[in-house]
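S.K.: My questions all concern the structure below.
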Amino acid sequence: MLKEDRYRLILDVISQKDVVKVSELAGRLNVAEMTIRRDLNALEEQGLIERVHGGAKKKGTIPYVELSHVQKQTINVEEKKHIAQKCAELICDHDIVFIGPGTTNELIYDYVKAENVDVITNSITVFNRFKHDSRYDVILIGGRFRERTGTFIGYFANKLLSEIKVNKAFIGTNGIIDTRVTTANEEEGNGQRIILDNAAEKYILADHSKFGVEAFCTFYDVKNVTAIITDTKISPKIEEYYKKWTKIIK
């Protein structure tokens, strides 16, 4: 078994049980306890677990408290601008793109140079940024309006999203923990999952503060995305860990 596969299995077990013994991991993976100890030391150095006597435990996650859209606009502004610019550079003439809700996503408009782009969104704030620009055909996905994030969610929104195919989807997140991409609201997460599955290229937008944060609902796995777009303040250890699963753009 490859070292990376052992790491993945160890993290899976710890995420399910919170605390696990070296002997149990050795038995599950059919390897020597010395091998497990080395693996646990390596994972601890990467900041992914905490060692305890005779084993390891799940690293304490940062609790997520959902802020309002207005509150989020004042946080990590320069990092959000950097990420938005990186997103804009990926958009080409004649693309069909989905831009999800979020204070980073709505900044993409400021940097896009491509023309004749179809922009699809379920975010009222993203829609308002693009709607008067003749370079874009803009489609707003309707449904039940969630005022806290300015997002249309629910059955009708998801039905429309399920019928759409896009070249690129740009989706924000409230937090990434292990390989799980999370959000504070399960209905928003359902819509994000649908459009990511219908996108040829799937991009998750997360500034450095989002890593190690676990919000209420998991909606995707980083192993299934094209890239995570982040900022230059990401920890080298965190970056190295996620490079095992996907591309990191910063």
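Identifiers for the structure tokens are assigned positionally: chains receive A, B, ... in sequence, residues are indexed from 1 per chain, and ligands are indexed from 1 in the order shown.
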So which residues of stretch 11-48 of chain A fall under helix (DSSP H, G or I) by DSSP, listed as a PyMOL selection string?
M.R.: chain A and resi 11-17+22-29+33-45
S.K.: Might you pull out every residue within 10 Å of stretch 214-224 of chain A, with only C-alpha atoms counted and same-chain residues fewer than 4 positions away left off, and present them as a count of residues only?
M.R.: 41
S.K.: Please provide as a count of residues only all residues within 12 Å of stretch 5-12 of chain A, with the sequence filter that same-chain residues fewer than 6 positions apart are discarded (counting only C-alpha atoms).
M.R.: 42
S.K.: Determine, counting only C-alpha atoms, which protein, DNA and RNA residues have an atom within 10 Å of an atom of A:Ile139; residues of the same chain fewer than 4 positions away are not included. Present the result as a PDB file with all heavy atoms, in the first residue's frame.
M.R.:
ATOM      1  N   PHE A  98     -20.610  29.270 -14.576  1.00  0.00           N
ATOM      2  CA  PHE A  98     -21.474  29.451 -13.410  1.00  0.00           C
ATOM      3  C   PHE A  98     -20.655  30.103 -12.313  1.00  0.00           C
ATOM      4  O   PHE A  98     -19.558  29.628 -11.986  1.00  0.00           O
ATOM      5  CB  PHE A  98     -22.034  28.122 -12.916  1.00  0.00           C
ATOM      6  CG  PHE A  98     -22.957  28.287 -11.730  1.00  0.00           C
ATOM      7  CD1 PHE A  98     -24.309  28.512 -11.931  1.00  0.00           C
ATOM      8  CD2 PHE A  98     -22.464  28.228 -10.425  1.00  0.00           C
ATOM      9  CE1 PHE A  98     -25.170  28.687 -10.836  1.00  0.00           C
ATOM     10  CE2 PHE A  98     -23.311  28.394  -9.338  1.00  0.00           C
ATOM     11  CZ  PHE A  98     -24.660  28.625  -9.549  1.00  0.00           C
ATOM     12  N   ASP A 118     -21.456  33.659 -21.460  1.00  0.00           N
ATOM     13  CA  ASP A 118     -22.725  33.382 -20.788  1.00  0.00           C
ATOM     14  C   ASP A 118     -22.438  33.186 -19.306  1.00  0.00           C
ATOM     15  O   ASP A 118     -21.667  32.294 -18.930  1.00  0.00           O
ATOM     16  CB  ASP A 118     -23.382  32.126 -21.350  1.00  0.00           C
ATOM     17  CG  ASP A 118     -23.925  32.326 -22.763  1.00  0.00           C
ATOM     18  OD1 ASP A 118     -24.109  33.487 -23.167  1.00  0.00           O
ATOM     19  OD2 ASP A 118     -24.161  31.325 -23.454  1.00  0.00           O
ATOM     20  N   VAL A 119     -23.037  34.022 -18.481  1.00  0.00           N
ATOM     21  CA  VAL A 119     -22.835  33.953 -17.033  1.00  0.00           C
ATOM     22  C   VAL A 119     -24.131  33.486 -16.377  1.00  0.00           C
ATOM     23  O   VAL A 119     -25.177  34.120 -16.535  1.00  0.00           O
ATOM     24  CB  VAL A 119     -22.423  35.322 -16.455  1.00  0.00           C
ATOM     25  CG1 VAL A 119     -22.296  35.230 -14.932  1.00  0.00           C
ATOM     26  CG2 VAL A 119     -21.114  35.791 -17.075  1.00  0.00           C
ATOM     27  N   ILE A 120     -24.053  32.378 -15.669  1.00  0.00           N
ATOM     28  CA  ILE A 120     -25.204  31.827 -14.962  1.00  0.00           C
ATOM     29  C   ILE A 120     -24.920  31.903 -13.468  1.00  0.00           C
ATOM     30  O   ILE A 120     -23.813  31.596 -13.019  1.00  0.00           O
ATOM     31  CB  ILE A 120     -25.454  30.363 -15.381  1.00  0.00           C
ATOM     32  CG1 ILE A 120     -25.628  30.271 -16.904  1.00  0.00           C
ATOM     33  CG2 ILE A 120     -26.683  29.794 -14.674  1.00  0.00           C
ATOM     34  CD1 ILE A 120     -25.499  28.882 -17.452  1.00  0.00           C
ATOM     35  N   THR A 121     -25.910  32.319 -12.690  1.00  0.00           N
ATOM     36  CA  THR A 121     -25.718  32.434 -11.249  1.00  0.00           C
ATOM     37  C   THR A 121     -27.035  32.269 -10.519  1.00  0.00           C
ATOM     38  O   THR A 121     -28.107  32.498 -11.093  1.00  0.00           O
ATOM     39  CB  THR A 121     -25.077  33.793 -10.882  1.00  0.00           C
ATOM     40  OG1 THR A 121     -24.767  33.808  -9.480  1.00  0.00           O
ATOM     41  CG2 THR A 121     -26.010  34.949 -11.223  1.00  0.00           C
ATOM     42  N   ASN A 122     -26.944  31.856  -9.267  1.00  0.00           N
ATOM     43  CA  ASN A 122     -28.117  31.876  -8.388  1.00  0.00           C
ATOM     44  C   ASN A 122     -27.931  32.898  -7.273  1.00  0.00           C
ATOM     45  O   ASN A 122     -28.617  32.855  -6.251  1.00  0.00           O
ATOM     46  CB  ASN A 122     -28.392  30.481  -7.800  1.00  0.00           C
ATOM     47  CG  ASN A 122     -27.250  29.965  -6.941  1.00  0.00           C
ATOM     48  OD1 ASN A 122     -26.108  30.417  -7.048  1.00  0.00           O
ATOM     49  ND2 ASN A 122     -27.542  29.003  -6.084  1.00  0.00           N
ATOM     50  N   PHE A 127     -25.435  38.564  -9.984  1.00  0.00           N
ATOM     51  CA  PHE A 127     -26.294  39.002 -11.083  1.00  0.00           C
ATOM     52  C   PHE A 127     -26.264  40.521 -11.234  1.00  0.00           C
ATOM     53  O   PHE A 127     -26.124  41.046 -12.360  1.00  0.00           O
ATOM     54  CB  PHE A 127     -27.725  38.543 -10.835  1.00  0.00           C
ATOM     55  CG  PHE A 127     -28.737  39.078 -11.811  1.00  0.00           C
ATOM     56  CD1 PHE A 127     -28.831  38.557 -13.090  1.00  0.00           C
ATOM     57  CD2 PHE A 127     -29.580  40.121 -11.451  1.00  0.00           C
ATOM     58  CE1 PHE A 127     -29.757  39.056 -14.004  1.00  0.00           C
ATOM     59  CE2 PHE A 127     -30.508  40.622 -12.344  1.00  0.00           C
ATOM     60  CZ  PHE A 127     -30.601  40.094 -13.626  1.00  0.00           C
ATOM     61  N   PHE A 130     -23.149  41.902 -13.115  1.00  0.00           N
ATOM     62  CA  PHE A 130     -22.999  41.616 -14.542  1.00  0.00           C
ATOM     63  C   PHE A 130     -24.152  42.133 -15.411  1.00  0.00           C
ATOM     64  O   PHE A 130     -23.990  42.268 -16.626  1.00  0.00           O
ATOM     65  CB  PHE A 130     -22.889  40.100 -14.759  1.00  0.00           C
ATOM     66  CG  PHE A 130     -21.551  39.509 -14.426  1.00  0.00           C
ATOM     67  CD1 PHE A 130     -21.255  39.082 -13.139  1.00  0.00           C
ATOM     68  CD2 PHE A 130     -20.574  39.362 -15.402  1.00  0.00           C
ATOM     69  CE1 PHE A 130     -20.024  38.522 -12.824  1.00  0.00           C
ATOM     70  CE2 PHE A 130     -19.337  38.800 -15.109  1.00  0.00           C
ATOM     71  CZ  PHE A 130     -19.060  38.387 -13.810  1.00  0.00           C
ATOM     72  N   LYS A 131     -25.298  42.410 -14.839  1.00  0.00           N
ATOM     73  CA  LYS A 131     -26.532  42.526 -15.617  1.00  0.00           C
ATOM     74  C   LYS A 131     -26.550  43.667 -16.635  1.00  0.00           C
ATOM     75  O   LYS A 131     -27.231  43.571 -17.654  1.00  0.00           O
ATOM     76  CB  LYS A 131     -27.734  42.660 -14.672  1.00  0.00           C
ATOM     77  CG  LYS A 131     -27.765  43.954 -13.868  1.00  0.00           C
ATOM     78  CD  LYS A 131     -28.985  43.975 -12.951  1.00  0.00           C
ATOM     79  CE  LYS A 131     -29.043  45.270 -12.143  1.00  0.00           C
ATOM     80  NZ  LYS A 131     -30.202  45.292 -11.236  1.00  0.00           N
TER      81      LYS A 131
END
S.K.: By how many Å are atom CA of A:Ile14 and atom CA of A:Glu239 apart?
M.R.: 20.8 Å
S.K.: Near A:Glu78, within 12 Å and counting only C-alpha atoms, which residues show up once chain neighbours fewer than 5 positions away are dropped, as a count of residues only?
M.R.: 13
S.K.: So how many Å separate atom CA of A:Cys92 and atom CA of A:Val117, to one decimal?
M.R.: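 Calculated distance between atom CA of A:Cys92 and atom CA of A:Val117 is 7.6 Å.
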S.K.: Would you please extract all strand (DSSP E) residues from stretch 55-174 of chain A, as assigned by DSSP on the backbone, and give them as an NGL selection string?
M.R.: :A and (55-58 or 62-63 or 96-99 or 117-121 or 136-140 or 144-146 or 151-153 or 166-172)
S.K.: Write a file of the selected residues as a PDB file, in the first residue's frame, keeping C-alpha atoms.
M.R.:
ATOM      1  CA  GLY A  55      -2.422   6.924  19.098  1.00  0.00           C
ATOM      2  CA  ALA A  56      -3.869  10.057  17.570  1.00  0.00           C
ATOM      3  CA  LYS A  57      -6.992  12.189  17.626  1.00  0.00           C
ATOM      4  CA  LYS A  58      -8.852  14.408  15.246  1.00  0.00           C
ATOM      5  CA  ILE A  62     -12.208  25.839  13.893  1.00  0.00           C
ATOM      6  CA  PRO A  63     -15.907  26.348  14.598  1.00  0.00           C
ATOM      7  CA  ILE A  96     -20.414  29.360 -20.394  1.00  0.00           C
ATOM      8  CA  VAL A  97     -19.663  29.838 -16.700  1.00  0.00           C
ATOM      9  CA  PHE A  98     -21.474  29.451 -13.410  1.00  0.00           C
ATOM     10  CA  ILE A  99     -20.521  31.863 -10.641  1.00  0.00           C
ATOM     11  CA  VAL A 117     -19.568  35.049 -22.097  1.00  0.00           C
ATOM     12  CA  ASP A 118     -22.725  33.382 -20.788  1.00  0.00           C
ATOM     13  CA  VAL A 119     -22.835  33.953 -17.033  1.00  0.00           C
ATOM     14  CA  ILE A 120     -25.204  31.827 -14.962  1.00  0.00           C
ATOM     15  CA  THR A 121     -25.718  32.434 -11.249  1.00  0.00           C
ATOM     16  CA  TYR A 136     -22.387  39.097 -21.093  1.00  0.00           C
ATOM     17  CA  ASP A 137     -25.610  37.170 -21.414  1.00  0.00           C
ATOM     18  CA  VAL A 138     -26.681  36.719 -17.812  1.00  0.00           C
ATOM     19  CA  ILE A 139     -29.078  34.074 -16.496  1.00  0.00           C
ATOM     20  CA  LEU A 140     -30.354  34.323 -12.932  1.00  0.00           C
ATOM     21  CA  ARG A 144     -36.622  30.457  -2.808  1.00  0.00           C
ATOM     22  CA  PHE A 145     -34.575  33.476  -1.763  1.00  0.00           C
ATOM     23  CA  ARG A 146     -32.170  33.114   1.161  1.00  0.00           C
ATOM     24  CA  THR A 151     -28.928  33.169  -2.885  1.00  0.00           C
ATOM     25  CA  PHE A 152     -31.791  31.375  -4.627  1.00  0.00           C
ATOM     26  CA  ILE A 153     -32.141  27.826  -3.320  1.00  0.00           C
ATOM     27  CA  VAL A 166     -21.272  24.790 -18.104  1.00  0.00           C
ATOM     28  CA  ASN A 167     -17.628  24.989 -19.124  1.00  0.00           C
ATOM     29  CA  LYS A 168     -16.514  26.274 -15.735  1.00  0.00           C
ATOM     30  CA  ALA A 169     -18.074  26.575 -12.283  1.00  0.00           C
ATOM     31  CA  PHE A 170     -16.675  28.881  -9.603  1.00  0.00           C
ATOM     32  CA  ILE A 171     -17.985  27.918  -6.181  1.00  0.00           C
ATOM     33  CA  GLY A 172     -17.157  29.438  -2.809  1.00  0.00           C
TER      34      GLY A 172
END
